[in-house]
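Reviewing the structure listed below.
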Amino acid sequence: MNGMAIGRRTAGRLGILMGCLCAGASALAGSGYTPIQATMSDKVITLTGKDLTVEQLVDIARYGAKVQLSPEARQREADNYGLLLEASAEGIAVYWFNRGAGDQRETVLFSGDPLSPKNKEYLEKSQLMEFKLGAVFGYGPEVSDEEIVRAMMAVRANAMTWNAPSPQLAEMLTNLLNRRVTPVVLSRGTLGEGDLAELSNVGATMVGAGDAYFEGTRMRASDALAKAGLKPIQPFAADTNALTSSDAYATGIAGLAVADGRRALDWADLIYAMDLDGMNSSITPLTLLVQRERPFQWLNWDAARVRELLKGSYLFGDDPHRIIQDPESLRASSIREGSAWQEWGALRDAVVTQMNSSDHNPAVRTDLSPQDGWDLASPQMMKYYVKGGKESNGKHGYIVSNANWDPFPMANKLENFVIALANMDVAVSLRIDRFTSPFFTQTDAVKVLNLPPGSGFMLYLAGGGGYTPVDLQQEMQSLTNPVAPSGAAIDLTVEDLQAQTRIKAYRARQAVGTTFDLLGHDMLNATFWMDVRKKQDAARAFGDGPTAALAAFRKVVPFMPSADGPAQIRPMVAAEFLRGTHAETFYPQGDPAPPAGVP
Amino acid sequence: MRRGCRGRALAILAGVLIAGLALGSPAGAAVKSAAASDSSAGAASEPRGYHPIVASRSAETVVLTGRDLTPDQVVAVARYGAKVALSDDARRRQADAYGLLLEGAAEGMAIYGFNRAPGAGREIPLFSGDPLSPENEALLSAKAAKAFLSGPRQGIGPEVADEEIVRALLAVRANTMISEAASPGLSQVLIDLLNRRVTPVVQSRGSLGEADLAAMGNVLGTMGGAGEAYYQGKRMSAAQALAAAGLKPLRPADAIYPSALTSTNAFSAGQAALLVHDAKLALNWADLALSLDLEALNSSVTPLSTPVQSSRPLEYSNRVAARVLDMVKGSYLFDDDPKRIIQDPESQRASYSRQGSAWKAWATLRDTLRIQLNSSDHNPGVEVGAGPGDSWELATPQLRKYYVKGGPESHGQHGFILSNANWDPYPMANEIEALTNALANMDVAVVQRIYRFSSTFFTVISPKDVIGAAELADSVQSDVDGYNPTAIWQDIQGLAHLQSVEGNAISNTVEELQAETVLKTVRARQIVDDTVRLLGEDLLTATFWLDVRHAQVPDRAFGAAPTAVWTEFRRAVPFRQKPEERPLRPAGEIVLGFMLEHPAAEFYAPLAKDIDAATTSP
């Protein structure tokens, strides 16, 4: 398989399949590791904790853009850190700081001022030990895509501005991203809420323990830090908690899936328009009148978009041979695509909120006072009120236990998106096959192209039909069933609820990848039939978008395969073309703006 | 033999399980239903235990406009016998659409499913020219008469055993058909069936979840006097039922376009309306039960508090947190208590998050359904008054082929008749599964939080520390079966699986895409019912522990809402009752009856409004 001329991300996905379907990493340490191409390393993205977008996440994770904290975010983090130290000094019980974690929630680890000599020594020693031990957390295989680890770190760097890391921890996390020190991270061992293992692997790199990649090359973490001009940190206070109590691993993968999902859906719409051109379709389902009857925003938007792509096409001319209506798959494609867009919008909104809010326990809020809510003045809440003092520079606030580690609704939205994609892909796989029947095409391609009898195999290679689209659709089927909700009562039954977001996010990532593969077949088929329609009648126009996409595609994939030509696997080249080219390049001016993320 | 999910779903559709649990119906019905056999999946004839409705709201009339029907109104008509009437505007729009259809054919236009055959026969002409010419009208009337007779032969059993499901179908179709070319006669008989309570025998299977042709064919049969129907809950021949109701069978001449009735997703949309209504009641109970659980565990309320919620702007989770916090306002939970644990087990702590996420899925489905209930799901679309100038594509030669200029049959009105894919019930089909999945991800927290009460690692005290041994032996808890929450949960797990995405290439491969919406809806309704049962177990545990907490410190205050539930609940299920005096029925069944009889809003008024209604936010 390695000899194939396939793109980086295809290789990554094959790695997923070869290694472990759900883990998304190669089976052997380092084999098939896919480093990023840092084409955006000149770009700096400012993290505020409030407005990180999916596109920015991709720039950082996949293309090596750098990050910096905004002054406000830096101040908030510093204030929170001060409040944390002050809370303990004031004798407040703080989960996973002066109290233990998990079932140790009532166990006192230390008391009083964290900066007292005795406490300081204890915290430095215990934190350093925990960070070092981070190298042995988790379970293989290792994550083989550098972009996934960077996405996790970027998400954490942004959301951690709501928490209370030490200044050195906050600084180091951005340094790892900016100097491209990428920790070796094990793909399994999280329950999809609180990605402790994966983030502990990152912590190990910060203190020089374990292995890491520096600019794509694997080495000891201490060497990677040295090469990057970084010194190991001395973690302090509640740094283990600050770094690791987060869902950044699943959220990072989800963010990448949202970005890739958008590009796949853009292509689905454009190729659908090309399919209509290829079929000599009746476009009545897309008209304003039909759409007006059913005011589903995303569906209406999708139909309008495809309609505009086809403006100027021969489909709007009269043709006595055109059938009154297409097979269901072609007719309903814009409905299935619009519905997939709707779930995409809902997932995007959930991921964006998840990336820009605290997913951490406990919550540290420097700005709140007892009069800010009726609950806050109650004796129960006042137990967690920090009055303010030396360590917090006089600032007050609350530090309270919570369930912010529960990554819902994002966990649901990931599954909803996969289901909607599968319900779209079934229409895609079927519409490809309908071109094999003159009952729909009203045309015999062999005759139009003047091919000798027995050219069926050549046509099969030229178009995108055959077994593979069905195989891919069946692969989608295997991804769609929701992960069974689980409540394994572990850790003395304190931790009795899981979210399985890691599995859900990887499935969404793979579902998007499989959709690209399926659309590659659809693209081959659509372009083949557009050429047939052109040969049938050279005067035919297809609409600006489909015409431009056909021209670009033909530079990569010729109309007909040739025994003497390049030994390309046409559907794979087609899928790589889709991955490497933004469909929006071919959209005409005035592509309607998508609705907000509500149905 | 243990039946698989499908067999189970069928039994549900046959009414054996769902009917009795229908939220809001009298508790007695639930008990009666629970006692019924569940072996009807293979029944070929009248389902054992047909469940007629109790028409307690027959004095009400819901006016159908085709634009604003709500799930609650569907429930009023379907479950409680409210009547329906078309608004004047709706009646006129429908008549205009019918006129345009006739005129379109008269002008020689090809119209799918009318003068062209359906499915694979899409290019085959069935007749030409004016449909009302003597020759054509005779031909079409004869065809309609045949369609009446074939109506009862369509579909696959078992029969739908719940009258409310069939009435929901009728009500939804009566509303959405306003957009279609239904003849005034066809429209009137459909309304008459609802208002006189003639309820056709409908087979539960045969729909592919997009275009419920078989179920609607059954209805068409009854309208024409063929097959069997229930008149006010009694089964008889359809002809007898119509006669008993003072109705005449539909004239074949009024059914020359029967597709106006049958090409629809009303079977699944009707059940989806029941689903949305019932799911709201279940989720309200989930929120209220959580408030009792907090009191019962002596919980730390910090996850619901302002600092946490204001830093995580998830609308529905925030709203659940706010309402539950408001329910326990005034409780001892806000007092200082040195024995209170810093944080609860995860299931209890994250319950609001899972419930909020389920509410979010519910709200999305509700919004989607509002459109589905009030828009055309029919092919072709009949657009009276639309002209070529309305949009650029309408002026093109391809679209002009489907432009009706207007003439005598349309009283001069023009418009378009366009083939489409409006039968594809998306996004609703996806949103139904999204609700199923979200409920399962909520229920896992509910089942876990019930079991955490068995450990003093969380409760800190044991019941025997504060209640005497004799009294404890007579307490309700001694009757509770510890397996039940898991048993219900295992059922939910089985239901949480997705309906496989389907594309079976039938009808010469023209009809090669399916949506399975009926099956998805049935499954979602079952998970709602199981959720209520699970919450019943939750309530049993929580109320027991309220007694324990009360015994521990008698002057403890609980919030007003949980106090009200606890007080009322103890009337139905006394805390202390000698074993020999207790009813010889599972406690869970008694609790279920209690929950069906008392909607959660009875104990906390804001629950009556939708969670995202502006006034709900405390």
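Naming scheme: A, B, ... for chains in displayed order of the structure tokens; residues 1 onward per chain; ligands 1 onward as shown.
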Exercise. If we count only C-alpha atoms, which residues of chain B reach to within 6 Å of chain A? Please list them as a ChimeraX atom specification.
Worked result: /B:302-303,312,334-336,345-347,349-350,357,375,396-398,418-421,427,434,441,497-498,510-511,513
Exercise. Hey, what does DSSP flag as strand (DSSP E or B) within region 150-381 of chain A? Can you give it to me as number ranges by chain?
Worked result: A: 181-183, 186-188, 211-214, 217-220, 363-365
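Residues in contact range of Val532 (chain B), defined as at most 8 Å between only C-alpha atoms, with sequence neighbours fewer than 2 positions away removed, read Ala282, Trp285, Val528, Asp529, Asp530, Leu534, Leu535, Gly536 and Leu592 of chain B.
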Keeping N, CA and C atoms for every residue in the selection just given, could you write it to a file as an mmCIF file, in the first residue's frame?
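The resulting file, out26.cif, is reproduced below:
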data_model
loop_
_atom_site.group_PDB
_atom_site.id
_atom_site.type_symbol
_atom_site.label_atom_id
_atom_site.label_comp_id
_atom_site.auth_asym_id
_atom_site.auth_seq_id
_atom_site.Cartn_x
_atom_site.Cartn_y
_atom_site.Cartn_z
ATOM 1 N N ALA B 282 -42.124 13.426 29.827
ATOM 2 C CA ALA B 282 -41.076 12.580 30.419
ATOM 3 C C ALA B 282 -39.891 13.423 30.877
ATOM 4 N N TRP B 285 -40.507 15.263 34.006
ATOM 5 C CA TRP B 285 -40.336 14.395 35.172
ATOM 6 C C TRP B 285 -38.858 14.166 35.488
ATOM 7 N N VAL B 528 -39.185 6.647 25.119
ATOM 8 C CA VAL B 528 -39.825 7.619 26.014
ATOM 9 C C VAL B 528 -40.577 6.879 27.121
ATOM 10 N N ASP B 529 -41.300 5.861 26.753
ATOM 11 C CA ASP B 529 -42.046 5.111 27.764
ATOM 12 C C ASP B 529 -41.111 4.417 28.754
ATOM 13 N N ASP B 530 -40.044 3.840 28.252
ATOM 14 C CA ASP B 530 -39.077 3.216 29.156
ATOM 15 C C ASP B 530 -38.412 4.257 30.053
ATOM 16 N N LEU B 534 -38.154 4.214 34.038
ATOM 17 C CA LEU B 534 -36.882 4.344 34.744
ATOM 18 C C LEU B 534 -36.955 5.482 35.758
ATOM 19 N N LEU B 535 -37.575 6.571 35.356
ATOM 20 C CA LEU B 535 -37.723 7.702 36.276
ATOM 21 C C LEU B 535 -38.632 7.318 37.444
ATOM 22 N N GLY B 536 -39.546 6.390 37.222
ATOM 23 C CA GLY B 536 -40.376 5.882 38.311
ATOM 24 C C GLY B 536 -39.515 5.184 39.364
ATOM 25 N N LEU B 592 -45.629 4.275 38.278
ATOM 26 C CA LEU B 592 -45.954 4.650 36.904
ATOM 27 C C LEU B 592 -47.354 5.260 36.844
#
Exercise. Near Tyr112 (chain B), counting only C-alpha atoms, which residues have an atom at most 8 Å away, once you skip same-chain residues fewer than 2 positions from it, shown as an MDAnalysis selection string?
Worked result: (chainID A and resid 324) or (chainID B and resid 110 114:118 122 379:380 419)
Just N, CA and C atoms for this one: save the residues we selected as a PDB file, in the first residue's frame.
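Wrote it out as selection_9.pdb, contents follow:
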ATOM      1  N   ILE A 324     -39.916  12.966 -16.725  1.00  0.00           N
ATOM      2  CA  ILE A 324     -40.643  13.893 -15.846  1.00  0.00           C
ATOM      3  C   ILE A 324     -40.026  13.981 -14.451  1.00  0.00           C
TER       4      ILE A 324
ATOM      5  N   ALA B 110     -48.252  17.046 -18.521  1.00  0.00           N
ATOM      6  CA  ALA B 110     -47.988  15.757 -17.889  1.00  0.00           C
ATOM      7  C   ALA B 110     -47.950  15.942 -16.380  1.00  0.00           C
ATOM      8  N   PHE B 114     -51.222  11.377 -11.896  1.00  0.00           N
ATOM      9  CA  PHE B 114     -52.594  11.726 -12.272  1.00  0.00           C
ATOM     10  C   PHE B 114     -52.832  11.267 -13.714  1.00  0.00           C
ATOM     11  N   ASN B 115     -52.332  12.058 -14.692  1.00  0.00           N
ATOM     12  CA  ASN B 115     -52.452  11.544 -16.061  1.00  0.00           C
ATOM     13  C   ASN B 115     -51.200  10.782 -16.496  1.00  0.00           C
ATOM     14  N   ARG B 116     -50.219  10.700 -15.611  1.00  0.00           N
ATOM     15  CA  ARG B 116     -49.093   9.784 -15.803  1.00  0.00           C
ATOM     16  C   ARG B 116     -49.101   8.793 -14.649  1.00  0.00           C
ATOM     17  N   ALA B 117     -48.624   7.570 -14.931  1.00  0.00           N
ATOM     18  CA  ALA B 117     -48.653   6.509 -13.911  1.00  0.00           C
ATOM     19  C   ALA B 117     -47.608   6.772 -12.828  1.00  0.00           C
ATOM     20  N   PRO B 118     -47.783   6.200 -11.654  1.00  0.00           N
ATOM     21  CA  PRO B 118     -46.808   6.420 -10.579  1.00  0.00           C
ATOM     22  C   PRO B 118     -45.583   5.519 -10.712  1.00  0.00           C
ATOM     23  N   ARG B 122     -43.771   6.345 -14.695  1.00  0.00           N
ATOM     24  CA  ARG B 122     -43.824   7.811 -14.704  1.00  0.00           C
ATOM     25  C   ARG B 122     -44.004   8.437 -16.076  1.00  0.00           C
ATOM     26  N   ASN B 379     -46.091  14.633  -3.636  1.00  0.00           N
ATOM     27  CA  ASN B 379     -45.536  14.767  -4.981  1.00  0.00           C
ATOM     28  C   ASN B 379     -46.639  14.502  -5.992  1.00  0.00           C
ATOM     29  N   PRO B 380     -46.892  15.356  -6.953  1.00  0.00           N
ATOM     30  CA  PRO B 380     -46.235  16.634  -7.227  1.00  0.00           C
ATOM     31  C   PRO B 380     -46.790  17.775  -6.381  1.00  0.00           C
ATOM     32  N   SER B 419     -43.102  18.021 -10.194  1.00  0.00           N
ATOM     33  CA  SER B 419     -42.583  16.823  -9.529  1.00  0.00           C
ATOM     34  C   SER B 419     -41.514  17.224  -8.526  1.00  0.00           C
TER      35      SER B 419
END
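If you look at CA of Pro52 (chain B) and CA of Ala161 (chain B), they are 8.3 Å away from each other.
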Neighbour list for Met327 (chain B) as a short mmCIF file (atom, residue, chain, number, x, y, z; two decimals) with N, CA and C atoms, in the first residue's frame, cut-off 10 Å, only C-alpha atoms, skip fewer than 4 positions in-chain:
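Done, and the output landed in part_16.cif:
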data_model
loop_
_atom_site.label_atom_id
_atom_site.label_comp_id
_atom_site.auth_asym_id
_atom_site.auth_seq_id
_atom_site.Cartn_x
_atom_site.Cartn_y
_atom_site.Cartn_z
N ASP B 287 -36.43 16.29 35.11
CA ASP B 287 -35.93 17.46 35.83
C ASP B 287 -36.43 17.47 37.27
N LEU B 288 -37.71 17.16 37.43
CA LEU B 288 -38.28 17.18 38.78
C LEU B 288 -37.68 16.07 39.64
N LEU B 290 -34.77 14.83 39.39
CA LEU B 290 -33.40 15.21 39.77
C LEU B 290 -33.42 16.09 41.02
N SER B 291 -34.40 16.96 41.12
CA SER B 291 -34.45 17.82 42.31
C SER B 291 -34.67 16.97 43.57
N LEU B 292 -35.44 15.91 43.44
CA LEU B 292 -35.62 15.02 44.60
C LEU B 292 -34.35 14.25 44.92
N ALA B 321 -30.35 23.46 34.66
CA ALA B 321 -29.68 23.79 35.92
C ALA B 321 -30.47 24.86 36.66
N ALA B 322 -30.93 25.87 35.93
CA ALA B 322 -31.66 26.98 36.57
C ALA B 322 -32.99 26.50 37.15
N ARG B 323 -33.69 25.65 36.41
CA ARG B 323 -35.00 25.24 36.92
C ARG B 323 -34.85 24.27 38.10
N SER B 331 -34.05 24.87 50.31
CA SER B 331 -33.71 23.55 50.85
C SER B 331 -32.54 23.63 51.83
N PHE B 558 -36.98 20.92 52.60
CA PHE B 558 -36.71 20.58 51.21
C PHE B 558 -37.31 21.70 50.35
N GLY B 559 -36.89 21.77 49.11
CA GLY B 559 -37.48 22.77 48.22
C GLY B 559 -38.98 22.54 48.06
N ALA B 560 -39.69 23.58 47.62
CA ALA B 560 -41.15 23.48 47.53
C ALA B 560 -41.57 22.39 46.54
N ALA B 561 -40.91 22.32 45.40
CA ALA B 561 -41.33 21.34 44.38
C ALA B 561 -41.10 19.90 44.85
N PRO B 562 -39.89 19.56 45.29
CA PRO B 562 -39.72 18.18 45.77
C PRO B 562 -40.62 17.85 46.97
N THR B 563 -40.87 18.84 47.81
CA THR B 563 -41.76 18.59 48.95
C THR B 563 -43.16 18.22 48.45
N PHE B 603 -46.58 19.95 40.08
CA PHE B 603 -45.78 20.22 41.29
C PHE B 603 -44.84 21.41 41.10
N TYR B 604 -44.66 21.81 39.87
CA TYR B 604 -43.77 22.95 39.59
C TYR B 604 -44.29 23.61 38.32
N PRO B 618 -36.18 30.82 34.95
CA PRO B 618 -36.39 31.42 36.28
C PRO B 618 -35.47 32.63 36.48
#
Problem set entry | Polymer residues at most 10 Å from Met442 (chain B), only C-alpha atoms, same-chain spacing of 4 or more positions, as a list in words | Pro485 of chain A; Leu283, Ala286, Ser347, Ala350, Ser351, Tyr352, Ser353, Arg354, Gln355, Gly356, Ser357, Ala358, Trp359, Thr436, Asn437, Ala438, Val446, Val447 and Thr531 of chain B
Restricted to N, CA and C atoms, what would the selected residues look like written as an mmCIF file, in the first residue's frame?
data_model
loop_
_atom_site.group_PDB
_atom_site.id
_atom_site.type_symbol
_atom_site.label_atom_id
_atom_site.label_comp_id
_atom_site.auth_asym_id
_atom_site.auth_seq_id
_atom_site.Cartn_x
_atom_site.Cartn_y
_atom_site.Cartn_z
ATOM 1 N N PRO A 485 -24.485 3.992 25.078
ATOM 2 C CA PRO A 485 -24.233 4.793 26.282
ATOM 3 C C PRO A 485 -23.792 3.879 27.409
ATOM 4 N N LEU B 283 -39.479 14.372 30.040
ATOM 5 C CA LEU B 283 -38.317 15.187 30.400
ATOM 6 C C LEU B 283 -38.638 16.109 31.568
ATOM 7 N N ALA B 286 -38.047 14.096 34.439
ATOM 8 C CA ALA B 286 -36.605 13.904 34.679
ATOM 9 C C ALA B 286 -36.041 15.070 35.491
ATOM 10 N N SER B 347 -22.651 10.556 37.872
ATOM 11 C CA SER B 347 -23.982 10.439 37.270
ATOM 12 C C SER B 347 -24.909 11.522 37.796
ATOM 13 N N ALA B 350 -23.663 15.100 36.634
ATOM 14 C CA ALA B 350 -23.831 15.429 35.207
ATOM 15 C C ALA B 350 -25.255 15.221 34.715
ATOM 16 N N SER B 351 -26.154 14.857 35.597
ATOM 17 C CA SER B 351 -27.530 14.602 35.134
ATOM 18 C C SER B 351 -28.112 15.815 34.417
ATOM 19 N N TYR B 352 -27.870 16.998 34.967
ATOM 20 C CA TYR B 352 -28.447 18.192 34.330
ATOM 21 C C TYR B 352 -27.902 18.365 32.918
ATOM 22 N N SER B 353 -26.648 17.967 32.720
ATOM 23 C CA SER B 353 -26.019 18.106 31.409
ATOM 24 C C SER B 353 -26.666 17.158 30.403
ATOM 25 N N ARG B 354 -26.888 15.916 30.825
ATOM 26 C CA ARG B 354 -27.517 14.943 29.931
ATOM 27 C C ARG B 354 -28.982 15.315 29.674
ATOM 28 N N GLN B 355 -29.651 15.807 30.717
ATOM 29 C CA GLN B 355 -31.048 16.201 30.541
ATOM 30 C C GLN B 355 -31.148 17.423 29.632
ATOM 31 N N GLY B 356 -30.232 18.359 29.813
ATOM 32 C CA GLY B 356 -30.221 19.527 28.936
ATOM 33 C C GLY B 356 -29.980 19.138 27.487
ATOM 34 N N SER B 357 -29.104 18.170 27.282
ATOM 35 C CA SER B 357 -28.823 17.729 25.918
ATOM 36 C C SER B 357 -30.020 17.008 25.324
ATOM 37 N N ALA B 358 -30.761 16.279 26.161
ATOM 38 C CA ALA B 358 -31.984 15.634 25.667
ATOM 39 C C ALA B 358 -33.041 16.685 25.327
ATOM 40 N N TRP B 359 -33.133 17.717 26.157
ATOM 41 C CA TRP B 359 -34.070 18.819 25.848
ATOM 42 C C TRP B 359 -33.694 19.493 24.536
ATOM 43 N N THR B 436 -33.850 9.918 20.248
ATOM 44 C CA THR B 436 -33.662 8.574 20.815
ATOM 45 C C THR B 436 -32.286 8.461 21.454
ATOM 46 N N ASN B 437 -31.288 8.889 20.707
ATOM 47 C CA ASN B 437 -29.915 8.772 21.184
ATOM 48 C C ASN B 437 -29.666 9.658 22.406
ATOM 49 N N ALA B 438 -30.214 10.858 22.369
ATOM 50 C CA ALA B 438 -30.013 11.776 23.495
ATOM 51 C C ALA B 438 -30.713 11.247 24.750
ATOM 52 N N VAL B 446 -29.387 8.422 34.703
ATOM 53 C CA VAL B 446 -30.481 8.160 35.650
ATOM 54 C C VAL B 446 -30.279 6.800 36.319
ATOM 55 N N VAL B 447 -29.987 5.792 35.521
ATOM 56 C CA VAL B 447 -29.860 4.447 36.113
ATOM 57 C C VAL B 447 -28.676 4.395 37.072
ATOM 58 N N THR B 531 -38.213 5.438 29.504
ATOM 59 C CA THR B 531 -37.618 6.516 30.302
ATOM 60 C C THR B 531 -38.528 6.860 31.479
#
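The gap separating CA of Ile527 (chain B) from CA of Arg366 (chain B) is 16.8 Å, in Å to one decimal.
The protein and nucleic acid residues lying at most 10 Å from Glu60 (chain B) are Ser56, Arg57, Val63, Ala76, Val77, Tyr80, Gly81, Ala82, Lys83 and Val84 of chain B, with only C-alpha atoms considered and sequence neighbours fewer than 3 positions away removed.
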Exercise. Mind checking DSSP for region 426-511 of chain A and telling me the helix (DSSP H, G or I) residues as a PyMOL selection string?
Worked result: chain A and resi 426-434+438-441+445-448+456-462+467-480+501-511
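The spacing separating CA of Ala238 (chain A) from CA of Arg449 (chain B) amounts to 28.7 Å.
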